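First up is the structure itself, then whatever we jot down about it.
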Amino acid sequence: MARSASIRRDDEGLSEYTDTLSDRVPQIEADVAALRKQPGDAERIASLFRALHNLKGDAALCHLEVAVRLIHPLESLLDKVRSGKLRFSNVLGEVVLLTVDRLEMTIEALRTGRSLEPLRLNVLVNELTAISRASESNAETMARKLIYQVTGFWPAVTPAPTAVMPAPEVMHDHTQQLNFFRTLALQLERRSPLFSGRTGRLADLAQRTNQEAGGLVDALQLEAAIYMHDIGMMFLPDSAWLKPGQLEPADIEVLHKHPQYAAGLLECMEVWSGAVEMVRQHHEMPDGSGYPAGLKLEQICDGARLIAILDAFEAVMLKHAQRGHGRSMLRAIAEINACEGQFDRAWVEPFNRVVRRMIESTPG
């Protein structure tokens, strides 16, 4: 995306387009709100497509190339929805609103002479283009990734009601199986509003930390383990893990069974033997005080050591959420570093570097 000085054409065109945005954005927001309730409403889909198409045309008339480039891939994406090749979803609605929001911020930046750099327009355009060309099975995941890359936050997403276990004949490769594991993880998220977005956050942080550490863990096995490590919770009574306040000893005893349940499910597929080990051991601790087997550091696999850190980080983030995202991240990383004997220091260091970069790059 070009710098502000080279893409700003004239004040008159900018002023005209500012007025156009003010007129059209409320209708776009109304269409998205309606489609969240009735995603198959053809009239609303057509209305939303027309609004975006008109915004692009107005931008061209006002010689605002940056706006044309921003809207064009979103228009292509909505054209797929209009033609029935892609289902409108809550995440797609978030992508539409995010793009329109960035468009408004772009025009305001041009009007006031501010830099466009913080808006991450190149990332937005590139990811929108990729999604507009993707298959329906990949579009949802890519849309979530787009939102995270542009804003620094994963969207809280409710799984589609049609997300069911694929038939055995189509679960023939790693991608299909991982999609199924992710579906299970998203179903787990639905058990409590506190879990919203947890799956995406953990998966992203796991892969980043693993890469920072030199790729010590197989990426596919790690992804499967992230999705499946807490699935055993779904086989426990709600009283053992969802009730507020301090757990009773009997609840804790039941809770300690969940790694074995999840590992047992994964053991049915031989290809995921690495993930099985991570899932079974993710509550073990280097000092031997963990469960279910009381293993010590050298007996615990690398992936399980990493997941233990991520789980604790997520829990502390939740506890301090009222402090705001940046401050809660700082508090969480401080608590992780203060827990002697609970985590593998070899993983804590790359984890620290990843989280600190995330804090530094978070807008605002």
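Residues are named by chain letter and number: chains run A, B, ... in the order of the structure tokens, numbers start at 1 in each chain, and ligands are numbered from 1 in the order shown.
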Got a sec: who's within 10 Å of Arg50 in chain A, counting only C-alpha atoms, leaving out chain neighbours fewer than 4 positions off, as a PyMOL selection string? chain A and resi 28+44-46+54-56+75+78-79
Based on the selection just made, write C-alpha atoms of those residues as a PDB file, in the first residue's frame.
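Produced file out_15.pdb, reproduced below:
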```pdb
ATOM      1  CA  ILE A  28     -23.911  -1.754   5.620  1.00  0.00           C
ATOM      2  CA  ARG A  44     -29.959  -8.486   2.488  1.00  0.00           C
ATOM      3  CA  ILE A  45     -26.986 -10.155   0.815  1.00  0.00           C
ATOM      4  CA  ALA A  46     -27.806  -8.318  -2.412  1.00  0.00           C
ATOM      5  CA  ASN A  54     -21.217   1.535  -4.855  1.00  0.00           C
ATOM      6  CA  LEU A  55     -18.560   2.436  -2.299  1.00  0.00           C
ATOM      7  CA  LYS A  56     -15.911   1.132  -4.669  1.00  0.00           C
ATOM      8  CA  GLU A  75     -16.738  -7.130  -2.933  1.00  0.00           C
ATOM      9  CA  LEU A  78     -19.565 -10.972  -1.022  1.00  0.00           C
ATOM     10  CA  ASP A  79     -20.100 -11.961  -4.644  1.00  0.00           C
TER      11      ASP A  79
END
```
Would you kindly return, as number ranges by chain, each protein, DNA or RNA residue with an atom no farther than 8 Å from any atom of range 331-340 of chain A, considering only C-alpha atoms and excluding same-chain residues fewer than 6 positions away? A: 309, 312-314, 316-317, 320, 348, 352, 355
Min atom-atom distance to Asp101 in chain A from the set A:Glu65, A:Glu117, A:Asp41, A:Glu29, counting only C-alpha atoms, belongs to A:Glu29
DSSP alpha helix (DSSP H) selection over range 2-241 of chain A, as a short mmCIF file (atom, residue, chain, number, x, y, z; two decimals) with N, CA and C atoms, in the first residue's frame:
```cif
data_model
loop_
_atom_site.label_atom_id
_atom_site.label_comp_id
_atom_site.auth_asym_id
_atom_site.auth_seq_id
_atom_site.Cartn_x
_atom_site.Cartn_y
_atom_site.Cartn_z
N SER A 4 0.84 7.83 2.35
CA SER A 4 -0.26 8.80 2.28
C SER A 4 -0.03 9.87 1.23
N ALA A 5 1.20 10.37 1.15
CA ALA A 5 1.48 11.49 0.25
C ALA A 5 1.26 11.13 -1.21
N SER A 6 1.48 9.85 -1.56
CA SER A 6 1.40 9.46 -2.96
C SER A 6 0.00 9.02 -3.37
N ILE A 7 -0.90 8.74 -2.38
CA ILE A 7 -2.22 8.27 -2.76
C ILE A 7 -3.30 9.32 -2.54
N ASP A 11 -8.36 17.40 -2.11
CA ASP A 11 -9.20 17.61 -0.94
C ASP A 11 -10.69 17.53 -1.28
N GLU A 12 -11.05 17.96 -2.48
CA GLU A 12 -12.45 17.94 -2.86
C GLU A 12 -12.98 16.51 -2.96
N GLY A 13 -12.19 15.65 -3.63
CA GLY A 13 -12.59 14.25 -3.75
C GLY A 13 -12.65 13.57 -2.39
N LEU A 14 -11.73 13.91 -1.53
CA LEU A 14 -11.69 13.33 -0.19
C LEU A 14 -12.92 13.75 0.61
N SER A 15 -13.29 15.01 0.48
CA SER A 15 -14.46 15.52 1.19
C SER A 15 -15.73 14.85 0.68
N GLU A 16 -15.83 14.68 -0.63
CA GLU A 16 -17.01 14.03 -1.21
C GLU A 16 -17.13 12.59 -0.72
N TYR A 17 -15.98 11.90 -0.67
CA TYR A 17 -16.03 10.49 -0.27
C TYR A 17 -16.34 10.35 1.22
N THR A 18 -15.90 11.30 2.03
CA THR A 18 -16.24 11.29 3.45
C THR A 18 -17.76 11.36 3.63
N ASP A 19 -18.41 12.21 2.84
CA ASP A 19 -19.86 12.31 2.90
C ASP A 19 -20.52 11.01 2.43
N THR A 20 -19.95 10.40 1.39
CA THR A 20 -20.48 9.14 0.87
C THR A 20 -20.44 8.04 1.94
N LEU A 21 -19.31 7.96 2.64
CA LEU A 21 -19.19 6.98 3.71
C LEU A 21 -20.25 7.19 4.78
N SER A 22 -20.43 8.41 5.17
CA SER A 22 -21.43 8.73 6.20
C SER A 22 -22.82 8.28 5.79
N ASP A 23 -23.10 8.37 4.48
CA ASP A 23 -24.42 7.98 3.98
C ASP A 23 -24.58 6.46 3.89
N ARG A 24 -23.52 5.76 3.48
CA ARG A 24 -23.65 4.34 3.14
C ARG A 24 -23.33 3.39 4.30
N VAL A 25 -22.45 3.76 5.21
CA VAL A 25 -22.02 2.84 6.26
C VAL A 25 -23.17 2.37 7.15
N PRO A 26 -24.11 3.25 7.55
CA PRO A 26 -25.22 2.76 8.38
C PRO A 26 -26.00 1.62 7.73
N GLN A 27 -26.19 1.69 6.42
CA GLN A 27 -26.90 0.62 5.73
C GLN A 27 -26.10 -0.67 5.74
N ILE A 28 -24.77 -0.57 5.57
CA ILE A 28 -23.91 -1.75 5.62
C ILE A 28 -24.00 -2.41 7.00
N GLU A 29 -23.94 -1.60 8.04
CA GLU A 29 -24.02 -2.13 9.40
C GLU A 29 -25.38 -2.79 9.65
N ALA A 30 -26.45 -2.19 9.13
CA ALA A 30 -27.79 -2.76 9.29
C ALA A 30 -27.89 -4.10 8.55
N ASP A 31 -27.30 -4.17 7.36
CA ASP A 31 -27.35 -5.42 6.58
C ASP A 31 -26.59 -6.53 7.30
N VAL A 32 -25.43 -6.21 7.84
CA VAL A 32 -24.64 -7.22 8.55
C VAL A 32 -25.40 -7.71 9.79
N ALA A 33 -26.01 -6.79 10.53
CA ALA A 33 -26.78 -7.17 11.72
C ALA A 33 -27.93 -8.09 11.35
N ALA A 34 -28.60 -7.79 10.25
CA ALA A 34 -29.73 -8.62 9.82
C ALA A 34 -29.25 -10.00 9.36
N LEU A 35 -28.11 -10.05 8.65
CA LEU A 35 -27.60 -11.32 8.15
C LEU A 35 -27.08 -12.21 9.26
N ARG A 36 -26.67 -11.63 10.37
CA ARG A 36 -26.27 -12.46 11.50
C ARG A 36 -27.45 -13.26 12.04
N LYS A 37 -28.66 -12.69 11.92
CA LYS A 37 -29.86 -13.38 12.38
C LYS A 37 -30.41 -14.32 11.30
N ALA A 42 -31.47 -13.51 0.99
CA ALA A 42 -30.91 -13.13 -0.30
C ALA A 42 -31.02 -11.63 -0.55
N GLU A 43 -32.11 -11.01 -0.09
CA GLU A 43 -32.28 -9.57 -0.31
C GLU A 43 -31.24 -8.76 0.46
N ARG A 44 -30.98 -9.18 1.70
CA ARG A 44 -29.96 -8.49 2.49
C ARG A 44 -28.57 -8.68 1.91
N ILE A 45 -28.29 -9.89 1.44
CA ILE A 45 -26.99 -10.16 0.82
C ILE A 45 -26.81 -9.27 -0.41
N ALA A 46 -27.86 -9.17 -1.22
CA ALA A 46 -27.81 -8.32 -2.41
C ALA A 46 -27.62 -6.86 -2.02
N SER A 47 -28.31 -6.42 -0.97
CA SER A 47 -28.18 -5.04 -0.49
C SER A 47 -26.76 -4.74 -0.04
N LEU A 48 -26.17 -5.68 0.70
CA LEU A 48 -24.80 -5.49 1.18
C LEU A 48 -23.82 -5.45 0.02
N PHE A 49 -24.01 -6.34 -0.94
CA PHE A 49 -23.13 -6.35 -2.11
C PHE A 49 -23.23 -5.03 -2.87
N ARG A 50 -24.45 -4.52 -3.07
CA ARG A 50 -24.63 -3.26 -3.80
C ARG A 50 -23.95 -2.09 -3.07
N ALA A 51 -24.08 -2.10 -1.73
CA ALA A 51 -23.48 -1.02 -0.95
C ALA A 51 -21.96 -1.01 -1.12
N LEU A 52 -21.35 -2.17 -1.08
CA LEU A 52 -19.89 -2.25 -1.25
C LEU A 52 -19.49 -1.90 -2.69
N HIS A 53 -20.27 -2.38 -3.64
CA HIS A 53 -19.98 -2.06 -5.04
C HIS A 53 -20.07 -0.55 -5.28
N ASN A 54 -21.07 0.09 -4.70
CA ASN A 54 -21.22 1.54 -4.85
C ASN A 54 -20.10 2.30 -4.15
N LEU A 55 -19.69 1.80 -2.99
CA LEU A 55 -18.56 2.44 -2.30
C LEU A 55 -17.29 2.39 -3.14
N LYS A 56 -17.09 1.26 -3.81
CA LYS A 56 -15.91 1.13 -4.67
C LYS A 56 -16.02 2.07 -5.87
N GLY A 57 -17.20 2.13 -6.46
CA GLY A 57 -17.38 3.04 -7.60
C GLY A 57 -17.20 4.49 -7.22
N ASP A 58 -17.73 4.88 -6.06
CA ASP A 58 -17.56 6.25 -5.58
C ASP A 58 -16.08 6.57 -5.33
N ALA A 59 -15.36 5.58 -4.80
CA ALA A 59 -13.93 5.80 -4.54
C ALA A 59 -13.17 6.03 -5.84
N ALA A 60 -13.55 5.28 -6.89
CA ALA A 60 -12.90 5.47 -8.19
C ALA A 60 -13.20 6.86 -8.75
N LEU A 61 -14.43 7.31 -8.60
CA LEU A 61 -14.81 8.64 -9.09
C LEU A 61 -14.06 9.75 -8.34
N GLU A 65 -7.55 5.60 -4.96
CA GLU A 65 -7.13 4.24 -5.31
C GLU A 65 -7.03 3.34 -4.09
N VAL A 66 -6.57 3.89 -2.97
CA VAL A 66 -6.41 3.08 -1.77
C VAL A 66 -7.75 2.51 -1.32
N ALA A 67 -8.83 3.26 -1.45
CA ALA A 67 -10.15 2.78 -1.08
C ALA A 67 -10.64 1.71 -2.05
N VAL A 68 -10.36 1.91 -3.34
CA VAL A 68 -10.73 0.91 -4.35
C VAL A 68 -10.05 -0.42 -4.04
N ARG A 69 -8.75 -0.36 -3.75
CA ARG A 69 -7.99 -1.58 -3.47
C ARG A 69 -8.49 -2.27 -2.21
N LEU A 70 -8.95 -1.52 -1.27
CA LEU A 70 -9.44 -2.09 -0.01
C LEU A 70 -10.79 -2.77 -0.18
N ILE A 71 -11.68 -2.16 -0.95
CA ILE A 71 -13.03 -2.68 -1.09
C ILE A 71 -13.12 -3.82 -2.10
N HIS A 72 -12.28 -3.79 -3.14
CA HIS A 72 -12.41 -4.76 -4.23
C HIS A 72 -12.42 -6.22 -3.77
N PRO A 73 -11.45 -6.68 -2.95
CA PRO A 73 -11.50 -8.09 -2.55
C PRO A 73 -12.68 -8.41 -1.64
N LEU A 74 -13.15 -7.43 -0.86
CA LEU A 74 -14.34 -7.66 -0.04
C LEU A 74 -15.58 -7.80 -0.92
N GLU A 75 -15.64 -7.00 -1.97
CA GLU A 75 -16.74 -7.13 -2.93
C GLU A 75 -16.72 -8.51 -3.58
N SER A 76 -15.52 -8.99 -3.93
CA SER A 76 -15.40 -10.33 -4.52
C SER A 76 -15.86 -11.41 -3.55
N LEU A 77 -15.54 -11.22 -2.27
CA LEU A 77 -15.96 -12.16 -1.24
C LEU A 77 -17.48 -12.20 -1.12
N LEU A 78 -18.10 -11.04 -1.11
CA LEU A 78 -19.56 -10.97 -1.02
C LEU A 78 -20.24 -11.50 -2.28
N ASP A 79 -19.55 -11.40 -3.41
CA ASP A 79 -20.10 -11.96 -4.64
C ASP A 79 -20.21 -13.48 -4.53
N LYS A 80 -19.24 -14.11 -3.84
CA LYS A 80 -19.31 -15.56 -3.62
C LYS A 80 -20.49 -15.91 -2.71
N VAL A 81 -20.74 -15.05 -1.72
CA VAL A 81 -21.90 -15.27 -0.85
C VAL A 81 -23.18 -15.13 -1.66
N ARG A 82 -23.22 -14.10 -2.49
CA ARG A 82 -24.41 -13.83 -3.31
C ARG A 82 -24.72 -14.98 -4.26
N ASN A 90 -21.01 -15.25 11.16
CA ASN A 90 -20.67 -14.17 12.08
C ASN A 90 -19.25 -13.66 11.85
N VAL A 91 -18.33 -14.58 11.57
CA VAL A 91 -16.94 -14.17 11.33
C VAL A 91 -16.84 -13.34 10.06
N LEU A 92 -17.55 -13.75 9.03
CA LEU A 92 -17.54 -12.98 7.78
C LEU A 92 -18.13 -11.60 8.02
N GLY A 93 -19.17 -11.54 8.84
CA GLY A 93 -19.73 -10.24 9.19
C GLY A 93 -18.71 -9.36 9.90
N GLU A 94 -17.91 -9.96 10.79
CA GLU A 94 -16.86 -9.20 11.46
C GLU A 94 -15.82 -8.69 10.47
N VAL A 95 -15.51 -9.50 9.45
CA VAL A 95 -14.55 -9.09 8.43
C VAL A 95 -15.10 -7.89 7.64
N VAL A 96 -16.38 -7.93 7.30
CA VAL A 96 -16.99 -6.80 6.58
C VAL A 96 -16.89 -5.53 7.42
N LEU A 97 -17.30 -5.61 8.69
CA LEU A 97 -17.28 -4.43 9.55
C LEU A 97 -15.86 -3.93 9.80
N LEU A 98 -14.92 -4.87 9.96
CA LEU A 98 -13.53 -4.47 10.16
C LEU A 98 -13.00 -3.72 8.94
N THR A 99 -13.33 -4.21 7.74
CA THR A 99 -12.85 -3.57 6.52
C THR A 99 -13.45 -2.18 6.37
N VAL A 100 -14.75 -2.05 6.64
CA VAL A 100 -15.39 -0.74 6.56
C VAL A 100 -14.81 0.20 7.59
N ASP A 101 -14.55 -0.32 8.78
CA ASP A 101 -13.94 0.49 9.83
C ASP A 101 -12.57 0.99 9.40
N ARG A 102 -11.77 0.09 8.80
CA ARG A 102 -10.44 0.49 8.32
C ARG A 102 -10.55 1.49 7.16
N LEU A 103 -11.59 1.36 6.35
CA LEU A 103 -11.80 2.31 5.27
C LEU A 103 -12.07 3.70 5.84
N GLU A 104 -12.92 3.78 6.85
CA GLU A 104 -13.20 5.07 7.48
C GLU A 104 -11.94 5.65 8.10
N MET A 105 -11.17 4.81 8.77
CA MET A 105 -9.93 5.28 9.39
C MET A 105 -8.91 5.74 8.34
N THR A 106 -8.92 5.06 7.18
CA THR A 106 -8.02 5.45 6.09
C THR A 106 -8.37 6.83 5.57
N ILE A 107 -9.63 7.06 5.33
CA ILE A 107 -10.06 8.36 4.81
C ILE A 107 -9.76 9.46 5.82
N GLU A 108 -9.99 9.18 7.09
CA GLU A 108 -9.69 10.17 8.13
C GLU A 108 -8.18 10.45 8.20
N ALA A 109 -7.36 9.39 8.05
CA ALA A 109 -5.91 9.57 8.07
C ALA A 109 -5.46 10.42 6.88
N LEU A 110 -6.03 10.17 5.72
CA LEU A 110 -5.68 10.96 4.54
C LEU A 110 -6.12 12.42 4.72
N ARG A 111 -7.28 12.60 5.30
CA ARG A 111 -7.81 13.95 5.49
C ARG A 111 -6.94 14.76 6.45
N THR A 112 -6.40 14.09 7.47
CA THR A 112 -5.61 14.79 8.49
C THR A 112 -4.11 14.67 8.29
N LEU A 121 -3.04 -1.99 6.23
CA LEU A 121 -3.90 -2.15 5.06
C LEU A 121 -3.37 -3.22 4.10
N ASN A 122 -2.06 -3.32 3.97
CA ASN A 122 -1.51 -4.36 3.09
C ASN A 122 -1.92 -5.74 3.55
N VAL A 123 -1.82 -5.97 4.85
CA VAL A 123 -2.22 -7.26 5.40
C VAL A 123 -3.70 -7.51 5.14
N LEU A 124 -4.52 -6.51 5.38
CA LEU A 124 -5.96 -6.64 5.19
C LEU A 124 -6.31 -6.97 3.74
N VAL A 125 -5.73 -6.23 2.80
CA VAL A 125 -6.01 -6.46 1.38
C VAL A 125 -5.55 -7.85 0.95
N ASN A 126 -4.34 -8.23 1.36
CA ASN A 126 -3.80 -9.54 0.97
C ASN A 126 -4.64 -10.68 1.52
N GLU A 127 -5.04 -10.58 2.78
CA GLU A 127 -5.83 -11.64 3.39
C GLU A 127 -7.24 -11.69 2.81
N LEU A 128 -7.84 -10.53 2.55
CA LEU A 128 -9.16 -10.50 1.91
C LEU A 128 -9.11 -11.17 0.54
N THR A 129 -8.07 -10.87 -0.21
CA THR A 129 -7.91 -11.46 -1.54
C THR A 129 -7.79 -12.98 -1.44
N ALA A 130 -7.00 -13.44 -0.46
CA ALA A 130 -6.83 -14.89 -0.28
C ALA A 130 -8.15 -15.56 0.09
N ILE A 131 -8.92 -14.94 0.97
CA ILE A 131 -10.20 -15.53 1.38
C ILE A 131 -11.18 -15.56 0.22
N SER A 132 -11.17 -14.51 -0.61
CA SER A 132 -12.10 -14.45 -1.74
C SER A 132 -11.81 -15.55 -2.76
N ARG A 133 -10.60 -16.13 -2.70
CA ARG A 133 -10.24 -17.20 -3.64
C ARG A 133 -10.26 -18.57 -2.98
N GLU A 136 -14.83 -22.89 0.60
CA GLU A 136 -15.68 -22.59 1.75
C GLU A 136 -15.14 -23.24 3.02
N SER A 137 -14.53 -24.44 2.89
CA SER A 137 -14.04 -25.14 4.07
C SER A 137 -12.89 -24.40 4.75
N ASN A 138 -12.17 -23.58 4.00
CA ASN A 138 -11.04 -22.85 4.56
C ASN A 138 -11.35 -21.39 4.91
N ALA A 139 -12.44 -20.86 4.37
CA ALA A 139 -12.71 -19.43 4.48
C ALA A 139 -12.88 -18.98 5.92
N GLU A 140 -13.57 -19.77 6.74
CA GLU A 140 -13.84 -19.37 8.12
C GLU A 140 -12.55 -19.23 8.92
N THR A 141 -11.66 -20.22 8.80
CA THR A 141 -10.39 -20.16 9.51
C THR A 141 -9.55 -18.99 9.04
N MET A 142 -9.53 -18.76 7.73
CA MET A 142 -8.75 -17.65 7.18
C MET A 142 -9.31 -16.31 7.63
N ALA A 143 -10.63 -16.21 7.75
CA ALA A 143 -11.25 -14.97 8.21
C ALA A 143 -10.87 -14.67 9.65
N ARG A 144 -10.86 -15.70 10.49
CA ARG A 144 -10.42 -15.52 11.88
C ARG A 144 -8.97 -15.04 11.94
N LYS A 145 -8.15 -15.64 11.09
CA LYS A 145 -6.74 -15.26 11.05
C LYS A 145 -6.60 -13.80 10.61
N LEU A 146 -7.38 -13.39 9.62
CA LEU A 146 -7.34 -12.00 9.15
C LEU A 146 -7.62 -11.04 10.30
N ILE A 147 -8.68 -11.31 11.05
CA ILE A 147 -9.06 -10.42 12.14
C ILE A 147 -7.93 -10.32 13.16
N TYR A 148 -7.31 -11.46 13.47
CA TYR A 148 -6.21 -11.43 14.43
C TYR A 148 -5.02 -10.64 13.88
N GLN A 149 -4.66 -10.88 12.62
CA GLN A 149 -3.48 -10.22 12.06
C GLN A 149 -3.65 -8.70 11.99
N VAL A 150 -4.87 -8.24 11.76
CA VAL A 150 -5.10 -6.81 11.63
C VAL A 150 -5.29 -6.14 12.98
N THR A 151 -5.98 -6.81 13.90
CA THR A 151 -6.33 -6.18 15.18
C THR A 151 -5.49 -6.64 16.36
N HIS A 174 -4.99 -35.61 7.14
CA HIS A 174 -4.73 -34.79 8.32
C HIS A 174 -5.63 -33.57 8.37
N THR A 175 -5.86 -32.94 7.24
CA THR A 175 -6.66 -31.71 7.23
C THR A 175 -8.08 -31.97 7.72
N GLN A 176 -8.72 -33.02 7.20
CA GLN A 176 -10.07 -33.34 7.63
C GLN A 176 -10.11 -33.68 9.11
N GLN A 177 -9.12 -34.42 9.59
CA GLN A 177 -9.12 -34.80 10.99
C GLN A 177 -8.87 -33.59 11.88
N LEU A 178 -7.97 -32.71 11.48
CA LEU A 178 -7.73 -31.50 12.26
C LEU A 178 -8.96 -30.61 12.29
N ASN A 179 -9.68 -30.53 11.18
CA ASN A 179 -10.92 -29.75 11.17
C ASN A 179 -11.94 -30.33 12.14
N PHE A 180 -11.98 -31.65 12.22
CA PHE A 180 -12.88 -32.29 13.17
C PHE A 180 -12.45 -31.99 14.61
N PHE A 181 -11.15 -32.09 14.89
CA PHE A 181 -10.65 -31.78 16.23
C PHE A 181 -10.99 -30.34 16.61
N ARG A 182 -10.83 -29.44 15.64
CA ARG A 182 -11.13 -28.03 15.92
C ARG A 182 -12.62 -27.86 16.19
N THR A 183 -13.46 -28.58 15.46
CA THR A 183 -14.90 -28.52 15.70
C THR A 183 -15.23 -28.94 17.13
N LEU A 184 -14.58 -30.00 17.60
CA LEU A 184 -14.78 -30.44 18.99
C LEU A 184 -14.36 -29.35 19.97
N ALA A 185 -13.21 -28.72 19.69
CA ALA A 185 -12.72 -27.68 20.59
C ALA A 185 -13.68 -26.49 20.63
N LEU A 186 -14.25 -26.14 19.50
CA LEU A 186 -15.21 -25.05 19.46
C LEU A 186 -16.50 -25.41 20.18
N GLN A 187 -16.88 -26.69 20.12
CA GLN A 187 -18.03 -27.13 20.89
C GLN A 187 -17.76 -27.00 22.39
N LEU A 188 -16.54 -27.29 22.80
CA LEU A 188 -16.16 -27.12 24.21
C LEU A 188 -16.27 -25.65 24.61
N GLU A 189 -15.86 -24.75 23.72
CA GLU A 189 -15.96 -23.32 24.01
C GLU A 189 -17.40 -22.91 24.34
N ARG A 198 -10.93 -19.08 22.89
CA ARG A 198 -9.80 -19.76 23.54
C ARG A 198 -9.03 -20.65 22.56
N THR A 199 -9.74 -21.40 21.75
CA THR A 199 -9.10 -22.33 20.82
C THR A 199 -8.14 -21.61 19.89
N GLY A 200 -8.61 -20.53 19.28
CA GLY A 200 -7.76 -19.78 18.36
C GLY A 200 -6.56 -19.16 19.05
N ARG A 201 -6.77 -18.61 20.24
CA ARG A 201 -5.65 -17.99 20.96
C ARG A 201 -4.57 -19.01 21.28
N LEU A 202 -4.98 -20.17 21.80
CA LEU A 202 -4.01 -21.18 22.19
C LEU A 202 -3.27 -21.74 20.96
N ALA A 203 -4.02 -21.98 19.88
CA ALA A 203 -3.38 -22.53 18.67
C ALA A 203 -2.35 -21.57 18.11
N ASP A 204 -2.68 -20.29 18.06
CA ASP A 204 -1.75 -19.31 17.52
C ASP A 204 -0.52 -19.17 18.41
N LEU A 205 -0.73 -19.08 19.70
CA LEU A 205 0.39 -18.89 20.62
C LEU A 205 1.28 -20.13 20.65
N ALA A 206 0.69 -21.31 20.53
CA ALA A 206 1.47 -22.55 20.51
C ALA A 206 2.40 -22.59 19.31
N GLN A 207 1.87 -22.28 18.13
CA GLN A 207 2.70 -22.35 16.93
C GLN A 207 3.78 -21.27 16.93
N ARG A 208 3.43 -20.09 17.40
CA ARG A 208 4.43 -19.01 17.46
C ARG A 208 5.58 -19.38 18.40
N THR A 209 5.22 -19.91 19.57
CA THR A 209 6.26 -20.26 20.55
C THR A 209 7.10 -21.42 20.05
N ASN A 210 6.47 -22.39 19.42
CA ASN A 210 7.20 -23.52 18.87
C ASN A 210 8.19 -23.06 17.80
N GLN A 211 7.75 -22.15 16.93
CA GLN A 211 8.65 -21.62 15.91
C GLN A 211 9.80 -20.83 16.54
N GLU A 212 9.47 -20.06 17.58
CA GLU A 212 10.50 -19.28 18.27
C GLU A 212 11.55 -20.20 18.89
N ALA A 219 4.52 -29.58 14.02
CA ALA A 219 3.46 -28.58 14.02
C ALA A 219 2.06 -29.20 13.94
N LEU A 220 1.89 -30.26 13.14
CA LEU A 220 0.58 -30.89 13.01
C LEU A 220 0.17 -31.60 14.30
N GLN A 221 1.13 -32.30 14.91
CA GLN A 221 0.84 -32.98 16.17
C GLN A 221 0.49 -31.96 17.26
N LEU A 222 1.21 -30.84 17.25
CA LEU A 222 0.95 -29.80 18.25
C LEU A 222 -0.45 -29.20 18.04
N GLU A 223 -0.82 -28.94 16.79
CA GLU A 223 -2.14 -28.38 16.52
C GLU A 223 -3.24 -29.33 17.00
N ALA A 224 -3.08 -30.62 16.70
CA ALA A 224 -4.07 -31.60 17.15
C ALA A 224 -4.16 -31.63 18.67
N ALA A 225 -3.01 -31.57 19.34
CA ALA A 225 -3.00 -31.61 20.80
C ALA A 225 -3.66 -30.38 21.41
N ILE A 226 -3.45 -29.22 20.81
CA ILE A 226 -4.08 -28.00 21.30
C ILE A 226 -5.60 -28.13 21.23
N TYR A 227 -6.09 -28.63 20.11
CA TYR A 227 -7.54 -28.76 19.95
C TYR A 227 -8.13 -29.80 20.91
N MET A 228 -7.37 -30.86 21.19
CA MET A 228 -7.93 -32.01 21.89
C MET A 228 -7.59 -32.08 23.38
#
```
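With only C-alpha atoms as the atoms that count, the residue of A:Gly341, A:Pro249, A:Pro259, A:Gly303 with the shortest distance to Ala275 in chain A is A:Gly303.
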Between CA of Arg305 in chain A and CA of Val279 in chain A, what distance in Å does the model show, to one decimal? 10.4 Å
In Å to one decimal, how far is CA of Leu306 in chain A from CA of Lys257 in chain A?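 So the answer is 20.1 Å.
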